[in-house]
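As provided, coords_21.tsv (TSV, C-alpha atoms) reads as follows.
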```
chain	number	residue	atom	x	y	z
Z	1	MET	CA	-15.60	-92.58	137.61
Z	2	ILE	CA	-13.77	-95.43	135.98
Z	3	ARG	CA	-11.95	-96.05	139.22
Z	4	ALA	CA	-15.27	-96.08	141.08
Z	5	THR	CA	-16.70	-98.59	138.61
Z	6	ILE	CA	-13.67	-100.81	138.94
Z	7	SER	CA	-13.82	-100.60	142.73
Z	8	ALA	CA	-17.46	-101.51	142.68
Z	9	SER	CA	-16.85	-104.52	140.46
Z	10	VAL	CA	-13.87	-105.59	142.57
Z	11	LEU	CA	-16.04	-105.28	145.66
Z	12	ALA	CA	-18.83	-107.26	144.02
Z	13	THR	CA	-16.36	-109.99	143.11
Z	14	LEU	CA	-14.99	-110.06	146.63
Z	15	LEU	CA	-18.47	-110.22	148.12
Z	16	ALA	CA	-19.46	-113.00	145.74
Z	17	GLY	CA	-16.28	-114.80	146.71
Z	18	ALA	CA	-17.09	-114.43	150.39
Z	19	ALA	CA	-20.61	-115.73	149.80
Z	20	MET	CA	-19.23	-118.61	147.76
Z	21	SER	CA	-16.69	-119.57	150.42
Z	22	ALA	CA	-19.45	-119.49	153.07
Z	23	GLN	CA	-21.48	-121.89	150.94
Z	24	THR	CA	-18.57	-124.23	150.30
Z	25	TYR	CA	-16.74	-123.93	153.60
Z	26	ARG	CA	-15.86	-127.31	154.95
Z	27	ALA	CA	-15.74	-127.38	158.73
Z	28	LEU	CA	-13.02	-129.16	160.65
Z	29	ARG	CA	-14.12	-132.62	161.73
Z	30	THR	CA	-14.58	-134.07	165.17
Z	31	ALA	CA	-12.88	-137.36	166.04
Z	32	SER	CA	-15.98	-139.19	164.77
Z	33	GLY	CA	-15.94	-137.31	161.47
Z	34	GLN	CA	-18.82	-134.88	162.04
Z	35	PRO	CA	-18.52	-131.18	161.21
Z	36	ASP	CA	-17.17	-129.57	164.38
Z	37	LEU	CA	-19.61	-127.13	166.00
Z	38	ASN	CA	-17.90	-127.08	169.42
Z	39	GLY	CA	-17.37	-123.68	170.95
Z	40	PHE	CA	-19.05	-120.57	172.33
Z	41	TRP	CA	-21.50	-118.86	169.96
Z	42	GLN	CA	-23.64	-115.78	170.22
Z	43	ALA	CA	-26.06	-113.80	168.08
Z	44	LEU	CA	-25.09	-110.21	167.41
Z	45	ASN	CA	-28.39	-108.68	166.42
Z	46	THR	CA	-31.68	-107.43	167.85
Z	47	ALA	CA	-33.74	-110.59	167.29
Z	48	ASN	CA	-34.45	-110.93	171.00
Z	49	TRP	CA	-36.02	-107.45	170.99
Z	50	ASP	CA	-38.10	-108.09	167.87
Z	51	LEU	CA	-37.70	-110.75	165.19
Z	52	GLU	CA	-39.21	-108.44	162.61
Z	53	ALA	CA	-37.76	-105.17	161.32
Z	54	HIS	CA	-38.24	-102.46	163.91
Z	55	GLU	CA	-37.20	-98.94	164.76
Z	56	ALA	CA	-35.53	-97.85	167.95
Z	57	ALA	CA	-38.03	-97.29	170.72
Z	58	ALA	CA	-38.16	-96.27	174.35
Z	59	GLY	CA	-37.89	-99.09	176.85
Z	60	PRO	CA	-40.83	-100.32	178.92
Z	61	VAL	CA	-39.79	-98.64	182.17
Z	62	LEU	CA	-39.62	-94.84	182.20
Z	63	GLN	CA	-36.84	-94.59	184.77
Z	64	LEU	CA	-34.43	-96.74	182.75
Z	65	GLY	CA	-34.34	-94.19	179.94
Z	66	ALA	CA	-31.97	-94.78	177.06
Z	67	ALA	CA	-30.00	-97.50	178.88
Z	68	TYR	CA	-32.71	-100.11	178.32
Z	69	ALA	CA	-34.28	-98.69	175.15
Z	70	VAL	CA	-34.94	-100.94	172.16
Z	71	PRO	CA	-32.09	-100.90	169.61
Z	72	PRO	CA	-33.26	-100.84	165.97
Z	73	GLY	CA	-32.94	-103.85	163.69
Z	74	ALA	CA	-33.55	-104.93	160.11
Z	75	GLY	CA	-35.22	-108.14	161.29
Z	76	VAL	CA	-34.29	-111.80	160.86
Z	77	VAL	CA	-37.52	-113.15	159.34
Z	78	VAL	CA	-36.69	-114.38	155.84
Z	79	ASP	CA	-40.25	-114.70	154.56
Z	80	GLY	CA	-42.03	-112.12	156.69
Z	81	PRO	CA	-44.16	-110.63	157.94
Z	82	ILE	CA	-44.85	-113.39	160.45
Z	83	PRO	CA	-48.00	-115.09	159.06
Z	84	TYR	CA	-50.33	-114.76	162.04
Z	85	LYS	CA	-53.90	-115.94	161.84
Z	86	PRO	CA	-56.13	-112.87	162.27
Z	87	ASP	CA	-57.18	-113.69	165.84
Z	88	ALA	CA	-53.60	-114.60	166.76
Z	89	LEU	CA	-52.37	-111.24	165.46
Z	90	ALA	CA	-54.86	-109.53	167.76
Z	91	MET	CA	-53.53	-111.67	170.63
Z	92	LYS	CA	-49.95	-110.76	169.69
Z	93	ARG	CA	-50.79	-107.07	170.05
Z	94	LYS	CA	-52.43	-107.74	173.38
Z	95	TYR	CA	-49.45	-109.74	174.64
Z	96	ALA	CA	-47.05	-107.08	173.37
Z	97	ALA	CA	-48.90	-104.48	175.43
Z	98	ASN	CA	-48.54	-106.75	178.48
Z	99	ALA	CA	-44.97	-107.86	177.80
Z	100	LEU	CA	-43.71	-107.17	181.30
Z	101	ARG	CA	-46.27	-109.61	182.65
Z	102	GLU	CA	-46.32	-112.16	179.85
Z	103	ASP	CA	-42.70	-112.46	178.71
Z	104	ALA	CA	-41.06	-115.51	180.28
Z	105	GLU	CA	-37.67	-113.79	180.01
Z	106	VAL	CA	-38.79	-111.21	182.57
Z	107	LYS	CA	-39.57	-114.02	185.01
Z	108	CYS	CA	-36.50	-116.14	184.31
Z	109	TYR	CA	-38.47	-119.07	182.91
Z	110	LEU	CA	-36.51	-121.14	180.41
Z	111	PRO	CA	-36.54	-119.48	177.00
Z	112	GLY	CA	-37.24	-122.47	174.75
Z	113	VAL	CA	-36.34	-122.90	171.11
Z	114	PRO	CA	-35.43	-121.05	168.97
Z	115	ARG	CA	-35.24	-118.07	171.34
Z	116	VAL	CA	-32.43	-119.50	173.44
Z	117	MET	CA	-30.19	-119.36	170.35
Z	118	TYR	CA	-30.45	-115.59	169.78
Z	119	MET	CA	-30.79	-114.15	173.26
Z	120	PRO	CA	-27.96	-111.76	174.10
Z	121	TYR	CA	-26.15	-114.50	176.03
Z	122	PRO	CA	-23.53	-116.96	174.79
Z	123	VAL	CA	-24.45	-120.54	173.91
Z	124	GLN	CA	-21.84	-123.25	174.34
Z	125	ILE	CA	-22.07	-126.25	172.02
Z	126	VAL	CA	-20.53	-129.47	173.27
Z	127	GLN	CA	-20.59	-132.21	170.70
Z	128	SER	CA	-20.22	-135.95	170.88
Z	129	THR	CA	-21.15	-138.52	168.25
Z	130	ASP	CA	-24.67	-139.33	169.44
Z	131	THR	CA	-25.50	-136.27	171.49
Z	132	ILE	CA	-25.00	-132.55	171.12
Z	133	VAL	CA	-25.57	-130.34	174.13
Z	134	MET	CA	-26.29	-126.63	173.75
Z	135	MET	CA	-26.00	-124.61	176.95
Z	136	SER	CA	-27.05	-121.01	177.30
Z	137	GLU	CA	-25.74	-118.67	179.93
Z	138	PHE	CA	-29.32	-117.47	180.45
Z	139	ALA	CA	-30.82	-119.37	183.39
Z	140	SER	CA	-28.33	-122.17	182.58
Z	141	ALA	CA	-30.84	-123.36	179.96
Z	142	VAL	CA	-29.73	-126.61	178.34
Z	143	ARG	CA	-30.95	-128.47	175.31
Z	144	THR	CA	-29.90	-131.97	174.36
Z	145	ILE	CA	-30.00	-132.97	170.69
Z	146	TYR	CA	-30.22	-136.68	170.04
Z	147	ILE	CA	-28.43	-137.43	166.78
Z	148	ASN	CA	-30.49	-139.82	164.64
Z	149	GLY	CA	-32.97	-139.91	167.52
Z	150	THR	CA	-36.57	-140.73	166.66
Z	151	ALA	CA	-38.21	-140.65	170.09
Z	152	ARG	CA	-41.26	-138.48	170.52
Z	153	PRO	CA	-41.33	-135.99	173.41
Z	154	PRO	CA	-42.15	-137.94	176.60
Z	155	ALA	CA	-43.75	-134.83	178.08
Z	156	ASP	CA	-44.05	-131.16	177.25
Z	157	THR	CA	-41.25	-129.02	178.68
Z	158	TRP	CA	-39.94	-125.47	178.52
Z	159	MET	CA	-37.02	-126.45	176.26
Z	160	GLY	CA	-38.81	-129.12	174.22
Z	161	TRP	CA	-37.43	-132.33	172.77
Z	162	SER	CA	-34.85	-132.23	169.97
Z	163	ASN	CA	-33.85	-134.95	167.52
Z	164	GLY	CA	-31.03	-134.14	165.09
Z	165	LYS	CA	-29.39	-135.49	161.99
Z	166	TRP	CA	-26.49	-134.51	159.79
Z	167	ASP	CA	-27.21	-133.42	156.23
Z	168	GLY	CA	-23.67	-133.05	154.87
Z	169	GLU	CA	-22.24	-129.93	156.49
Z	170	THR	CA	-25.57	-129.03	158.08
Z	171	LEU	CA	-26.99	-130.11	161.42
Z	172	VAL	CA	-30.77	-130.39	161.08
Z	173	ILE	CA	-32.70	-130.36	164.38
Z	174	ASP	CA	-36.37	-131.20	164.73
Z	175	SER	CA	-37.94	-130.01	168.00
Z	176	ARG	CA	-41.41	-130.46	169.50
Z	177	GLY	CA	-42.94	-131.00	172.92
Z	178	PHE	CA	-43.00	-127.42	174.15
Z	179	MET	CA	-45.15	-126.16	177.00
Z	180	SER	CA	-47.38	-123.27	176.06
Z	181	GLY	CA	-46.80	-121.41	179.31
Z	182	THR	CA	-46.90	-121.95	183.03
Z	183	VAL	CA	-49.06	-124.92	183.98
Z	184	GLY	CA	-52.71	-124.05	184.26
Z	185	ALA	CA	-52.02	-120.55	183.01
Z	186	LEU	CA	-54.52	-119.14	185.44
Z	187	ASP	CA	-54.39	-115.57	186.58
Z	188	GLU	CA	-51.88	-116.19	189.31
Z	189	GLU	CA	-48.90	-114.04	189.97
Z	190	GLY	CA	-46.12	-115.28	187.73
Z	191	ALA	CA	-48.36	-117.00	185.18
Z	192	VAL	CA	-47.46	-116.65	181.51
Z	193	HIS	CA	-50.08	-117.73	179.01
Z	194	VAL	CA	-47.99	-118.23	175.87
Z	195	ARG	CA	-44.30	-118.34	175.03
Z	196	PHE	CA	-42.69	-115.22	173.64
Z	197	LEU	CA	-40.19	-115.55	170.80
Z	198	ASP	CA	-38.91	-112.05	171.51
Z	199	ARG	CA	-39.69	-109.09	173.75
Z	200	ALA	CA	-42.10	-107.67	171.17
Z	201	GLY	CA	-44.82	-110.20	171.88
Z	202	ASN	CA	-44.29	-112.54	168.94
Z	203	TYR	CA	-45.42	-115.84	170.41
Z	204	HIS	CA	-46.14	-119.54	170.05
Z	205	THR	CA	-48.17	-122.17	171.89
Z	206	ASP	CA	-47.66	-125.86	172.64
Z	207	GLY	CA	-48.36	-126.50	168.94
Z	208	LEU	CA	-44.81	-125.35	168.17
Z	209	HIS	CA	-42.63	-127.39	165.82
Z	210	VAL	CA	-39.18	-126.01	164.98
Z	211	VAL	CA	-36.76	-127.26	162.34
Z	212	GLU	CA	-33.32	-125.69	162.67
Z	213	ARG	CA	-30.47	-125.86	160.18
Z	214	ILE	CA	-27.02	-125.01	161.53
Z	215	ARG	CA	-23.81	-125.06	159.50
Z	216	ARG	CA	-20.38	-123.68	159.97
Z	217	THR	CA	-19.66	-121.02	157.35
Z	218	GLY	CA	-16.17	-120.16	158.55
Z	219	PRO	CA	-13.83	-120.66	161.49
Z	220	ASP	CA	-15.73	-118.07	163.53
Z	221	HIS	CA	-19.26	-118.20	162.08
Z	222	LEU	CA	-22.32	-120.42	162.09
Z	223	GLN	CA	-25.28	-119.87	159.83
Z	224	TYR	CA	-28.38	-120.40	161.95
Z	225	GLU	CA	-31.79	-120.95	160.42
Z	226	ALA	CA	-35.05	-121.97	162.07
Z	227	THR	CA	-38.38	-122.75	160.45
Z	228	ILE	CA	-41.20	-122.17	162.90
Z	229	GLU	CA	-44.57	-123.88	162.64
Z	230	ASP	CA	-47.58	-123.66	164.97
Z	231	PRO	CA	-51.04	-124.25	163.50
Z	232	ASN	CA	-52.61	-122.62	166.57
Z	233	VAL	CA	-50.99	-119.30	165.68
Z	234	TYR	CA	-49.63	-119.08	162.10
Z	235	THR	CA	-51.14	-119.75	158.69
Z	236	ARG	CA	-47.91	-121.36	157.38
Z	237	PRO	CA	-44.38	-122.21	158.53
Z	238	TRP	CA	-41.98	-119.26	158.46
Z	239	THR	CA	-38.22	-118.93	158.74
Z	240	ILE	CA	-35.64	-116.84	160.55
Z	241	ARG	CA	-31.96	-116.76	159.57
Z	242	MET	CA	-28.91	-115.14	161.11
Z	243	PRO	CA	-25.22	-115.68	161.67
Z	244	LEU	CA	-23.98	-116.74	165.08
Z	245	TYR	CA	-20.51	-115.50	165.98
Z	246	ARG	CA	-17.82	-117.36	167.83
Z	247	ARG	CA	-16.73	-115.83	171.11
Z	248	VAL	CA	-12.99	-115.85	170.55
Z	249	GLU	CA	-11.83	-114.51	173.92
Z	250	ALA	CA	-9.06	-116.68	175.33
Z	251	ASN	CA	-10.74	-116.73	178.74
Z	252	MET	CA	-14.26	-117.34	177.42
Z	253	GLN	CA	-16.56	-119.40	179.61
Z	254	LEU	CA	-20.24	-119.45	180.50
Z	255	GLY	CA	-20.88	-117.28	183.51
Z	256	ASP	CA	-23.54	-117.96	186.09
Z	257	PHE	CA	-26.75	-116.16	185.24
Z	258	LYS	CA	-29.03	-117.82	187.78
Z	259	CYS	CA	-31.75	-115.26	187.33
Z	260	GLU	CA	-34.30	-116.91	189.65
Z	261	GLU	CA	-32.57	-115.00	192.41
Z	262	PHE	CA	-33.36	-111.74	190.63
Z	263	VAL	CA	-37.07	-112.35	190.24
Z	264	GLY	CA	-38.07	-113.86	193.60
Z	265	ASP	CA	-39.74	-110.67	194.78
Z	266	LEU	CA	-41.26	-110.02	191.36
Z	267	VAL	CA	-42.89	-113.43	190.97
Z	268	TYR	CA	-43.49	-114.53	194.56
Z	269	GLY	CA	-43.46	-111.23	196.43
Z	270	LYS	CA	-47.15	-111.39	197.25
Z	271	TYR	CA	-46.60	-114.56	199.26
Z	272	GLN	CA	-44.05	-112.93	201.52
Z	273	LYS	CA	-45.02	-111.71	204.97
Z	274	LYS	CA	-45.30	-107.96	205.03
X	1	MET	CA	-25.58	-118.11	200.60
X	2	GLN	CA	-27.75	-115.08	201.21
X	3	ALA	CA	-29.53	-115.65	197.91
X	4	ARG	CA	-29.89	-119.33	198.60
X	5	SER	CA	-31.57	-118.85	201.98
X	6	THR	CA	-33.93	-116.27	200.44
X	7	THR	CA	-34.89	-118.77	197.78
X	8	LEU	CA	-35.40	-121.41	200.44
X	9	LEU	CA	-37.56	-119.06	202.45
X	10	ILE	CA	-39.71	-118.32	199.44
X	11	GLY	CA	-40.04	-122.06	198.91
X	12	VAL	CA	-41.27	-122.58	202.45
X	13	ILE	CA	-43.72	-119.70	202.18
X	14	LEU	CA	-44.99	-121.16	198.93
X	15	ALA	CA	-45.40	-124.56	200.49
X	16	LEU	CA	-47.49	-123.01	203.27
X	17	GLY	CA	-49.63	-121.02	200.88
X	18	ALA	CA	-53.05	-122.57	200.29
X	19	THR	CA	-53.32	-121.14	196.81
X	20	THR	CA	-50.61	-123.23	195.24
X	21	ALA	CA	-52.89	-126.05	194.21
X	22	ARG	CA	-50.75	-126.97	191.27
X	23	ALA	CA	-47.58	-127.61	193.21
X	24	HIS	CA	-46.25	-131.12	193.65
X	25	HIS	CA	-48.34	-132.28	196.59
X	26	SER	CA	-49.97	-135.18	198.32
X	27	TRP	CA	-53.29	-135.44	196.47
X	28	ASN	CA	-55.65	-135.23	199.44
X	29	THR	CA	-54.22	-132.03	200.89
X	30	VAL	CA	-56.01	-130.15	198.13
X	31	PHE	CA	-58.69	-132.66	197.15
X	32	SER	CA	-61.24	-134.42	199.35
X	33	GLU	CA	-61.77	-138.18	199.53
X	34	ASP	CA	-65.40	-137.41	200.38
X	35	LYS	CA	-66.18	-135.41	197.28
X	36	PRO	CA	-66.42	-137.91	194.45
X	37	LEU	CA	-67.81	-136.29	191.32
X	38	VAL	CA	-68.45	-136.81	187.65
X	39	LEU	CA	-67.96	-134.08	185.09
X	40	ARG	CA	-68.93	-133.96	181.45
X	41	GLY	CA	-67.12	-131.39	179.36
X	42	THR	CA	-65.13	-130.67	176.24
X	43	ILE	CA	-61.35	-130.52	176.21
X	44	ALA	CA	-59.97	-126.97	176.28
X	45	LYS	CA	-56.30	-127.63	176.93
X	46	VAL	CA	-53.95	-130.55	177.56
X	47	GLU	CA	-50.80	-130.13	179.61
X	48	LEU	CA	-48.69	-133.25	179.54
X	49	VAL	CA	-46.12	-131.80	181.91
X	50	ASN	CA	-44.19	-132.87	184.99
X	51	PRO	CA	-44.75	-133.35	187.84
X	52	HIS	CA	-48.49	-133.82	187.15
X	53	ALA	CA	-50.43	-133.70	183.92
X	54	TRP	CA	-53.48	-131.45	183.64
X	55	ILE	CA	-56.44	-131.70	181.31
X	56	TRP	CA	-58.68	-128.61	181.22
X	57	ILE	CA	-62.31	-129.04	180.19
X	58	ASP	CA	-65.18	-126.64	179.59
X	59	VAL	CA	-68.24	-127.75	181.51
X	60	LYS	CA	-71.68	-126.36	180.66
X	61	THR	CA	-73.60	-125.50	183.80
X	62	ALA	CA	-77.36	-125.63	184.32
X	63	ASP	CA	-77.69	-121.88	183.73
X	64	GLY	CA	-75.97	-122.16	180.35
X	65	THR	CA	-72.63	-120.65	181.34
X	66	THR	CA	-69.32	-122.45	180.91
X	67	GLN	CA	-66.95	-123.29	183.73
X	68	LYS	CA	-63.35	-124.26	183.11
X	69	TRP	CA	-62.33	-127.23	185.25
X	70	GLY	CA	-58.80	-128.51	185.74
X	71	ILE	CA	-58.36	-132.28	185.95
X	72	GLU	CA	-55.14	-133.26	187.65
X	73	GLY	CA	-53.65	-136.59	186.66
X	74	GLY	CA	-50.44	-138.40	187.55
X	75	PRO	CA	-47.04	-137.79	185.95
X	76	PRO	CA	-46.94	-137.77	182.13
X	77	ASN	CA	-45.08	-141.08	181.89
X	78	GLY	CA	-47.90	-142.72	183.85
X	79	LEU	CA	-50.50	-141.35	181.46
X	80	ILE	CA	-48.49	-142.43	178.44
X	81	ARG	CA	-48.23	-145.94	179.89
X	82	ASN	CA	-52.03	-145.96	180.17
X	83	GLY	CA	-52.39	-145.03	176.52
X	84	ILE	CA	-52.94	-141.30	176.97
X	85	THR	CA	-50.90	-139.13	174.62
X	86	LYS	CA	-51.36	-135.55	173.57
X	87	ASP	CA	-52.41	-136.72	170.12
X	88	SER	CA	-55.16	-138.86	171.66
X	89	LEU	CA	-56.87	-135.87	173.28
X	90	LYS	CA	-58.34	-133.46	170.75
X	91	ILE	CA	-59.38	-129.94	171.70
X	92	GLY	CA	-63.19	-129.84	171.71
X	93	GLU	CA	-63.56	-133.60	172.26
X	94	GLU	CA	-66.07	-134.63	174.93
X	95	LEU	CA	-64.91	-136.44	178.07
X	96	ILE	CA	-66.69	-137.81	181.10
X	97	VAL	CA	-64.31	-137.45	184.04
X	98	HIS	CA	-64.48	-139.37	187.31
X	99	GLY	CA	-62.56	-138.07	190.29
X	100	TYR	CA	-62.57	-136.14	193.54
X	101	GLY	CA	-63.32	-132.45	193.98
X	102	ALA	CA	-61.21	-129.86	195.75
X	103	ARG	CA	-61.66	-129.22	199.47
X	104	ASP	CA	-62.11	-125.57	198.52
X	105	ASP	CA	-65.43	-125.40	196.67
X	106	THR	CA	-64.44	-122.21	194.87
X	107	THR	CA	-61.66	-124.10	193.11
X	108	TYR	CA	-62.80	-125.80	189.93
X	109	GLN	CA	-60.28	-128.58	190.10
X	110	VAL	CA	-60.54	-132.35	190.26
X	111	ALA	CA	-58.17	-135.13	191.23
X	112	GLY	CA	-58.88	-137.20	188.12
X	113	VAL	CA	-59.05	-140.98	188.45
X	114	LYS	CA	-60.26	-141.91	184.96
X	115	TYR	CA	-62.18	-140.56	182.02
X	116	GLU	CA	-64.43	-142.02	179.37
X	117	LYS	CA	-64.52	-141.00	175.76
X	118	ALA	CA	-67.73	-140.74	173.74
X	119	ASP	CA	-67.21	-144.31	172.45
X	120	GLY	CA	-67.15	-145.63	176.03
X	121	GLN	CA	-63.42	-146.34	176.10
X	122	GLU	CA	-61.91	-145.78	179.56
X	123	PHE	CA	-58.53	-144.25	180.34
X	124	TRP	CA	-56.93	-144.18	183.79
X	125	LEU	CA	-55.11	-141.02	184.79
X	126	ALA	CA	-52.25	-142.65	186.75
X	127	ASN	CA	-53.25	-140.65	189.82
X	128	GLU	CA	-52.07	-143.29	192.30
X	129	GLY	CA	-53.36	-141.73	195.51
X	130	ALA	CA	-56.85	-140.96	194.23
X	131	GLU	CA	-57.04	-144.34	192.51
X	132	ALA	CA	-56.11	-146.15	195.74
X	133	THR	CA	-58.81	-144.22	197.60
X	134	ALA	CA	-61.37	-145.07	194.91
X	135	LYS	CA	-60.56	-148.76	195.36
X	136	ALA	CA	-60.44	-148.68	199.17
X	137	LYS	CA	-63.55	-146.57	199.69
X	138	GLY	CA	-65.46	-147.72	196.66
X	139	ASN	CA	-67.07	-144.29	196.46
X	140	LEU	CA	-65.96	-143.18	193.00
X	141	LYS	CA	-68.97	-141.89	191.11
```

Output the file's structure in the form of structure tokens.
Amino acid sequence: MIRATISASVLATLLAGAAMSAQTYRALRTASGQPDLNGFWQALNTANWDLEAHEAAAGPVLQLGAAYAVPPGAGVVVDGPIPYKPDALAMKRKYAANALREDAEVKCYLPGVPRVMYMPYPVQIVQSTDTIVMMSEFASAVRTIYINGTARPPADTWMGWSNGKWDGETLVIDSRGFMSGTVGALDEEGAVHVRFLDRAGNYHTDGLHVVERIRRTGPDHLQYEATIEDPNVYTRPWTIRMPLYRRVEANMQLGDFKCEEFVGDLVYGKYQKK
Amino acid sequence: MQARSTTLLIGVILALGATTARAHHSWNTVFSEDKPLVLRGTIAKVELVNPHAWIWIDVKTADGTTQKWGIEGGPPNGLIRNGITKDSLKIGEELIVHGYGARDDTTYQVAGVKYEKADGQEFWLANEGAEATAKAKGNLK
């Protein structure tokens, strides 16, 4: 019993120490003196299936059985549940029921922010003094972060417009200018009406404003946090948080995942000659 | 290579399809120079996206129903240069739109040339082709 108590207190001390070192970790610096975020990073959780806590569930296509079932997760929303407006919550349920039609991931449209950061694909960060580029393997989606940039989005796009600044060890990114779906969003084949944040139908519109905070908490870890605001959908801003892990393989590189080739028949099949 | 030629083929088929009104096209393939029209409606949605911006308005018809019309403008940078930003177009705000209707009468879409706000201020939609026709033909309503 005494031994157990001691072990528990030793463990608590160790855990506190680990937490402390994550808070105080000072990243290596780039040549220009910024914390170094270069490398390949990837989420290791089920946020892309559902940002909120969820149980395991069958997948959306009967024939795929357990192979494409939904893995369970404790959720990444810090201040949940996601604060939907009442009508938006009803829409979320409707979209969730139509996920195969409405989820841009299914159709290989660019995933946007923050989703690109926690899809089950690696993200490579390439950092210079004035510009940081984040490249996902998924659909070769790229975001450019303009350090100390103040420009407003020149147009709405799938990946939005990101200005960044350094707050000590933390990179703070402010992103706006997101499209709400395919242009026109009429009932054409391939149209998506809103942007999914995960496969569970959590969504945003072109009112999206994201503030991300990224800091290195160790040689192989980033802490990733995103505060999500959209007055069309939510009653208040809300926040997700998760670690991103460094892909340490010696031969690590972004592969080609040019998924347009996989969805040609799905999205444009009706235009093909029979 | 196989995948590439399939993609190309799909592209060609798409280009031939008459239903792809929102593709990047010469304006008078979809719209008619002989169908000038004026629409009064309230803004439902603003898409400041490349290659062409779209403003969607709800138009009340004579029988009291609402039709959603799509107003196609030029590229977003053209609109911004003419003083049109997303912040300047509020959902629910009334606009009077001048432009040219679609060749297909079942398509509620307009090649927008300009719009007026309630205070009479005019904004040009940077739709070069339609604007040139309006000047040359002088038939803009």

Please build the interface table for chain Z against chain X with a cut-off of 9 Å, listing for each qualifying residue the nearest atom pair and the distance in Å to one decimal; count all atoms listed in the file, order rows by chain and increasing number, and write it as a Markdown table.
```
| residue | atom | partner | partner_atom | distance |
| --- | --- | --- | --- | --- |
| Z:Pro154 | CA | X:Asn77 | CA | 6.8 |
| Z:Ala155 | CA | X:Leu48 | CA | 5.4 |
| Z:Asp156 | CA | X:Val49 | CA | 5.1 |
| Z:Thr157 | CA | X:Val49 | CA | 6.5 |
| Z:Met179 | CA | X:Glu47 | CA | 7.4 |
| Z:Ser180 | CA | X:Glu47 | CA | 8.4 |
| Z:Val183 | CA | X:Glu47 | CA | 7.0 |
| Z:Gly184 | CA | X:Trp54 | CA | 7.5 |
| Z:Asp206 | CA | X:Glu47 | CA | 8.8 |
| Z:Glu260 | CA | X:Thr7 | CA | 8.4 |
| Z:Glu261 | CA | X:Ala3 | CA | 6.3 |
| Z:Gly264 | CA | X:Thr7 | CA | 7.2 |
| Z:Asp265 | CA | X:Ile10 | CA | 9.0 |
| Z:Tyr268 | CA | X:Ile10 | CA | 7.2 |
| Z:Gly269 | CA | X:Ile10 | CA | 8.6 |
| Z:Tyr271 | CA | X:Ile13 | CA | 6.6 |
| Z:Gln272 | CA | X:Ile13 | CA | 6.8 |
| Z:Lys273 | CA | X:Ile13 | CA | 8.6 |
```

Task: Of the listed residues Z:Thr227, Z:Ala69, Z:Arg215, Z:Tyr84, that which approaches Ala56 in chain Z most closely, counting only C-alpha atoms - done: Z:Ala69

Task: Residue with smallest distance to Ile240 in chain Z - pool Z:Leu62, Z:Leu37, Z:Ile228, Z:Ala57, counting only C-alpha atoms - done: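 Counting only C-alpha atoms, the residue closest to Ile240 in chain Z is Z:Ile228.
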
- [ ] Could you tell me how far CA of Ala132 in chain X lies from CA of Val113 in chain X, in Å and to one decimal?
- [x]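 Going from CA of Ala132 in chain X over to CA of Val113 in chain X covers 9.4 Å.
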
Task: Residue nearest Asn28 in chain X among X:Lys117, X:Ile91, X:Glu72, X:Arg81 (counting only C-alpha atoms) - done: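 Using only C-alpha atoms, Asn28 in chain X sits closest to X:Glu72.
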
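Point (-60.7, -145.2, 198.1) has the following residues at most 12 Å away: Asn28, Ser32, Glu33, Asp34, Lys35, Pro36, Gly99, Tyr100, Val113, Glu128, Gly129, Ala130, Glu131, Ala132, Thr133, Ala134, Lys135, Ala136, Lys137, Gly138, Asn139, Leu140 and Lys141 of chain X (atoms considered: only C-alpha atoms).
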
Task: Pick from X:Ala118, X:Val38, X:Ala126, X:Lys68, whichever lies nearest to Thr106 in chain X using only C-alpha atoms - done: X:Lys68

TODO: Measure the distance from CA of Gln63 in chain Z to CA of Val106 in chain Z in Å and round it to one decimal.
DONE: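 Computing the Euclidean distance for CA of Gln63 in chain Z and CA of Val106 in chain Z yields 16.9 Å.
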
Open item on the list: Taking only C-alpha atoms into account, name the residue in X:Thr66, X:Gln121, X:Thr107, X:Thr42 that is nearest to Glu93 in chain X.
Closed with: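 With only C-alpha atoms as the atom set, the closest residue is X:Thr42.
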
Open item on the list: Can you tell me which residues surround Ala43 in chain Z at a distance of at most 12 Å, considering all atoms listed in the file, apart from same-chain residues fewer than 6 positions away, and format the answer as a list in words?
Closed with: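 With the cut-off at 12 Å, the set is Val76, Pro114, Arg115, Val116, Met117, Tyr118, Met119, Pro120, Tyr121, Pro122, Val123, Ser136, His221, Leu222, Gln223, Tyr224, Glu225, Arg241, Met242, Pro243, Leu244, Tyr245, Arg246 and Arg247 of chain Z.
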
TODO: Would you mind reading off the distance between CA of Tyr234 in chain Z and CA of Ala90 in chain Z, one decimal, in Å?
DONE: 12.3 Å

Open item on the list: Calculated over only C-alpha atoms, which of the candidates X:Gly73, X:Gly78, X:Gly92, X:Gly64 has the smallest distance to Gln109 in chain X?
Closed with: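 Using only C-alpha atoms, the shortest distance to Gln109 in chain X belongs to X:Gly73.
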
Open item on the list: Quick one: residues within 9 Å of Gly201 in chain Z, only C-alpha atoms, excluding same-chain residues fewer than 5 positions away - as a list in words?
Closed with: Asp50, Met91, Lys92, Arg93, Lys94, Tyr95, Ala96, Ala97, Asn98, Ala99, Glu102, Asp103, Arg195 and Phe196 of chain Z

Task: Radius query 7 Å about (-44.1, -115.2, 190.1), atoms used: all atoms listed in the file, as a PyMOL selection string - done: chain Z and resi 107+189-191+266-268
